[in-house]
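Asker: Before we start, here is the structure in question, set down as structure tokens.
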Amino acid sequence: MNSAYRLEHLVFAYGDKPALLIDHLAIPAGRITAVIGPNGAGKSTLLNLLAFLIRADAGEICFFNRPVKGEDFPALRRRVGLVAQNPYLLQGSVIDNVELGLKLRGIGKVQRRRRAMDAMARVGLAGFEKCSVRALSGGERQRVALARTLAPEPEVLLFDEPFTYLDQGHTRLVERLISDYVRKSGKTVVFSTHEQAQGAMLSDESVSLFAGRLVDASLVNLFHGRLQNGVFDTGKLAIRVSEAVEQVSYLTVDPEEILLSSEPPNSGHRNVFRGRVVMIGEDAGKVRIIIDVGEKLSVRTSLESIRSLGLEPGKEIWVCFKAAAVKVF
Ligand SMILES: Nc1ncnc2c1ncn2[C@@H]1O[C@H](COP(=O)(O)OP(=O)(O)OP(=O)(O)O)[C@@H](O)[C@H]1O
């Protein structure tokens with residue numbers, strides 16, 4: 001598959017504080033990639049590197065199969081557009097802001113206006129042209145920044161936590177826009193999110209980032225604790241682990257690998273707990289149940305199993321999973 005980016009042995013630190021250590025990462029061209037991770041994982045730092053706004057301390061980045069050199073940065077910045085989490089807008093009107101990127105690219109007034117108006121319509125801001133950016137809400141500001149980035153039609157659209165300020169209607173609109181940007185024009189989108197479900201639902205590929213490193217695990221059920229003699233102790237729950245390592249502080253349980261049963265299970269699973277249903281909700285076309293077993297565990301299952309087990313908030317239920325459903329790092 002053609003890669004938009006390939007990162008090798010990449011290191012980035014803020015002063016002496018390491019923020020990213022990525023051995024290898026390939027981001028496919030013409031696809032939507034989600035970078036999923038909790039607060040402070042390094043998502044914004046990674047997007048800033050991909051936008052060529054900051055330089056790695058070590059390692060290599062290839063952009064569309066070409067190794068990137070320092071002197072390439074100004075030209076590359078024009079091929080990539082980043083919508084920041086808290087975008088900086090210039091004082092003035094919405095249309096002034098949306099036209100900015102086009103102006104910097106030397107695009108003439110008439111075409112500039114046409115493309116800016118088109119980008120504004122796509123983000124649901126038609127009619128806002130003359131509004132002062134000072135009078136806008138957080139979600140409107142984010143959509144102005146999105147229109148500003150979209151108007152020059154960058155080859156790669158990078159989007160840092162796109163849904164933070166958006167209500168449900170605008171979240172759907174931006175999801176569609178991201179999807180169309182890739183499907184209709186073959187461009188590449190990379191977005192960051194701390195919401196595992198949203199990341200998985202909207203993307204073709206996803207990568208999980210934790211403490212600056214890529215991890216090969218879903219981060220939905222992430223616990224901090226200590227591992228000793230094959231048992232990881234979170235302080236509230238003891239989880240059996242199959243990996244024979246000791247120097248780890250975090251554990252995840254794959255929400256797809258957790259089984260539920262109304263009777264004590266007789267399945268040979270090494271982790272069996274009794275818990276109580278806290279919440280039932282929808283998650284990327286499946287059902288997500290939160291069960292309190294000392295820690296709150298997120299379980300993804302089907303509507304059928306909810307019905308057959310008669311699950312509802314407050315109901316007691318058995319939870320089991322294999323040691324192999326658990327990853328530690
Ligand atoms: N300008 C900076 N100076 C020093 N440390 C920084 C700076 N920016 C980020 N960091 C640190 O680098 C790490 C990664 O931060 P980053 O903003 O990339 O994470 P994130 O995953 O985007 O987090 P969030 O979801 O909270 O936005 C954090 O520990 C953060 O405190």
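Each chain in the structure tokens gets a letter, A, B and so on, in the order shown; residues start at 1 in every chain, and ligands are counted from 1 in the order they appear.
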Please provide as a list in words all residues within 10 Å of region 241-246 of chain A, with the sequence filter that same-chain residues fewer than 3 positions apart are discarded (counting only C-alpha atoms).

Answerer: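 In the requested format, the answer is Arg226, Leu227, Gln228, Asn229, Gly230, Val231, Phe232, Ala238, Ser249, Leu251, Arg270, Asn271, Lys322, Ala323, Ala324, Ala325, Val326, Lys327, Val328 and Phe329 of chain A.
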
Asker: List all protein, DNA and RNA residues that have at least one atom no more than 8 Å from any atom of ligand 1, counting only C-alpha atoms and all ligand atoms, and write them as a JSON list (two decimals) with N, CA and C atoms, in the first residue's frame.

Answerer:
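Output file part-v4.json follows:
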```json
[["chain", "number", "residue", "atom", "x", "y", "z"],
["A", 13, "ALA", "N", 11.54, 15.40, 21.79],
["A", 13, "ALA", "CA", 11.47, 15.76, 23.21],
["A", 13, "ALA", "C", 11.21, 17.26, 23.35],
["A", 14, "TYR", "N", 10.46, 17.62, 24.40],
["A", 14, "TYR", "CA", 10.34, 19.03, 24.76],
["A", 14, "TYR", "C", 11.43, 19.28, 25.79],
["A", 15, "GLY", "N", 12.50, 19.93, 25.42],
["A", 15, "GLY", "CA", 13.66, 20.07, 26.31],
["A", 15, "GLY", "C", 14.23, 18.68, 26.56],
["A", 17, "LYS", "N", 12.43, 16.38, 28.12],
["A", 17, "LYS", "CA", 11.28, 15.51, 28.40],
["A", 17, "LYS", "C", 10.82, 14.81, 27.12],
["A", 18, "PRO", "N", 11.08, 13.50, 26.99],
["A", 18, "PRO", "CA", 10.68, 12.81, 25.75],
["A", 18, "PRO", "C", 9.17, 12.82, 25.59],
["A", 19, "ALA", "N", 8.70, 13.16, 24.40],
["A", 19, "ALA", "CA", 7.25, 13.17, 24.15],
["A", 19, "ALA", "C", 6.85, 12.11, 23.13],
["A", 20, "LEU", "N", 7.78, 11.74, 22.25],
["A", 20, "LEU", "CA", 7.47, 10.70, 21.24],
["A", 20, "LEU", "C", 8.68, 9.82, 21.00],
["A", 37, "GLY", "N", -5.54, 7.94, 21.71],
["A", 37, "GLY", "CA", -4.73, 7.89, 22.94],
["A", 37, "GLY", "C", -5.29, 8.82, 23.99],
["A", 38, "PRO", "N", -4.97, 8.57, 25.25],
["A", 38, "PRO", "CA", -5.48, 9.43, 26.32],
["A", 38, "PRO", "C", -4.78, 10.80, 26.34],
["A", 39, "ASN", "N", -5.19, 11.68, 27.22],
["A", 39, "ASN", "CA", -4.56, 13.00, 27.36],
["A", 39, "ASN", "C", -3.07, 12.83, 27.61],
["A", 40, "GLY", "N", -2.29, 13.63, 26.91],
["A", 40, "GLY", "CA", -0.84, 13.62, 27.15],
["A", 40, "GLY", "C", -0.11, 12.49, 26.44],
["A", 41, "ALA", "N", -0.81, 11.71, 25.61],
["A", 41, "ALA", "CA", -0.17, 10.56, 24.94],
["A", 41, "ALA", "C", 0.85, 11.00, 23.89],
["A", 42, "GLY", "N", 0.67, 12.21, 23.36],
["A", 42, "GLY", "CA", 1.59, 12.69, 22.32],
["A", 42, "GLY", "C", 0.90, 12.87, 20.97],
["A", 43, "LYS", "N", -0.44, 12.87, 20.97],
["A", 43, "LYS", "CA", -1.18, 12.95, 19.71],
["A", 43, "LYS", "C", -0.91, 14.28, 19.00],
["A", 44, "SER", "N", -1.02, 15.40, 19.75],
["A", 44, "SER", "CA", -0.81, 16.71, 19.12],
["A", 44, "SER", "C", 0.62, 16.84, 18.64],
["A", 45, "THR", "N", 1.55, 16.32, 19.43],
["A", 45, "THR", "CA", 2.96, 16.40, 19.03],
["A", 45, "THR", "C", 3.16, 15.65, 17.72],
["A", 46, "LEU", "N", 2.56, 14.45, 17.62],
["A", 46, "LEU", "CA", 2.69, 13.67, 16.39],
["A", 46, "LEU", "C", 2.09, 14.43, 15.21],
["A", 85, "GLN", "N", -6.22, 21.74, 17.76],
["A", 85, "GLN", "CA", -7.27, 21.52, 18.76],
["A", 85, "GLN", "C", -7.85, 22.85, 19.23],
["A", 160, "ASP", "N", -6.75, 17.63, 14.74],
["A", 160, "ASP", "CA", -6.47, 17.31, 16.15],
["A", 160, "ASP", "C", -7.76, 17.37, 16.95],
["A", 161, "GLU", "N", -8.21, 16.26, 17.46],
["A", 161, "GLU", "CA", -9.45, 16.16, 18.25],
["A", 161, "GLU", "C", -10.60, 16.93, 17.59],
["A", 192, "SER", "N", -6.82, 12.84, 15.37],
["A", 192, "SER", "CA", -6.54, 12.30, 16.70],
["A", 192, "SER", "C", -7.81, 12.31, 17.52],
["A", 193, "THR", "N", -7.89, 11.39, 18.44],
["A", 193, "THR", "CA", -9.04, 11.36, 19.34],
["A", 193, "THR", "C", -8.70, 10.58, 20.61],
["A", 194, "HIS", "N", -9.36, 10.93, 21.72],
["A", 194, "HIS", "CA", -9.19, 10.10, 22.92],
["A", 194, "HIS", "C", -10.37, 9.15, 23.03],
["A", 209, "LEU", "N", -1.71, 5.33, 20.76],
["A", 209, "LEU", "CA", -0.52, 6.00, 21.28],
["A", 209, "LEU", "C", -0.67, 6.11, 22.78],
["A", 210, "PHE", "N", 0.41, 5.76, 23.48],
["A", 210, "PHE", "CA", 0.36, 5.87, 24.94],
["A", 210, "PHE", "C", 1.74, 6.29, 25.42],
["A", 211, "ALA", "N", 1.78, 7.36, 26.21],
["A", 211, "ALA", "CA", 3.05, 7.89, 26.74],
["A", 211, "ALA", "C", 4.10, 8.00, 25.63],
["A", 212, "GLY", "N", 3.67, 8.49, 24.49],
["A", 212, "GLY", "CA", 4.62, 8.76, 23.40],
["A", 212, "GLY", "C", 5.02, 7.57, 22.57]]
```

Asker: From the set A:Phe73, A:Val253, A:Gln91, A:Leu150, which residue has the shortest atom-to-atom contact distance to Asp216 (chain A), counting only C-alpha atoms?

Answerer: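 Closest candidate: A:Val253.
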
Asker: What are the closest atom pairs, with distances in Å to one decimal, for all residues of region 157-261 of chain A lying within 12 Å of region 296-310 of chain A? Consider only C-alpha atoms, order rows by chain and residue number, and present the result as a tab-separated table.

Answerer:
```
residue	atom	partner	partner_atom	distance
A:Gln196	CA	A:Ser298	CA	11.4
A:Ala197	CA	A:Arg300	CA	10.3
A:Ser218	CA	A:Ser298	CA	11.2
A:Leu219	CA	A:Ser298	CA	10.5
A:Val220	CA	A:Ser298	CA	6.9
A:Asn221	CA	A:Leu297	CA	6.2
A:Leu222	CA	A:Leu297	CA	9.1
A:Phe223	CA	A:Lys296	CA	9.8
A:Thr234	CA	A:Lys296	CA	11.5
A:Lys236	CA	A:Lys296	CA	10.0
A:Leu237	CA	A:Lys296	CA	9.9
A:Ile239	CA	A:Leu297	CA	12.0
A:Thr252	CA	A:Leu297	CA	10.1
A:Val253	CA	A:Leu297	CA	8.3
A:Asp254	CA	A:Val299	CA	8.2
A:Pro255	CA	A:Val299	CA	4.5
A:Glu256	CA	A:Arg300	CA	5.2
A:Glu257	CA	A:Val299	CA	8.0
A:Ile258	CA	A:Val299	CA	6.1
A:Leu259	CA	A:Val299	CA	8.0
A:Leu260	CA	A:Leu309	CA	8.4
A:Ser261	CA	A:Leu309	CA	7.2
```

Asker: Quick one: of A:Leu311, A:Val144, A:Cys62, A:Ile291, who's nearest to Leu100 (chain A), counting only C-alpha atoms?

Answerer: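 Checking each of A:Leu311, A:Val144, A:Cys62, A:Ile291 against Leu100 (chain A), counting only C-alpha atoms, the winner is A:Val144.
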
Asker: List the neighbours of Val83 (chain A) out to 10 Å using only C-alpha atoms; skip same-chain residues closer than 4 positions along the sequence, and give me the result as a PyMOL selection string.

Answerer: chain A and resi 47+51+87-88+142-150+157-162+191
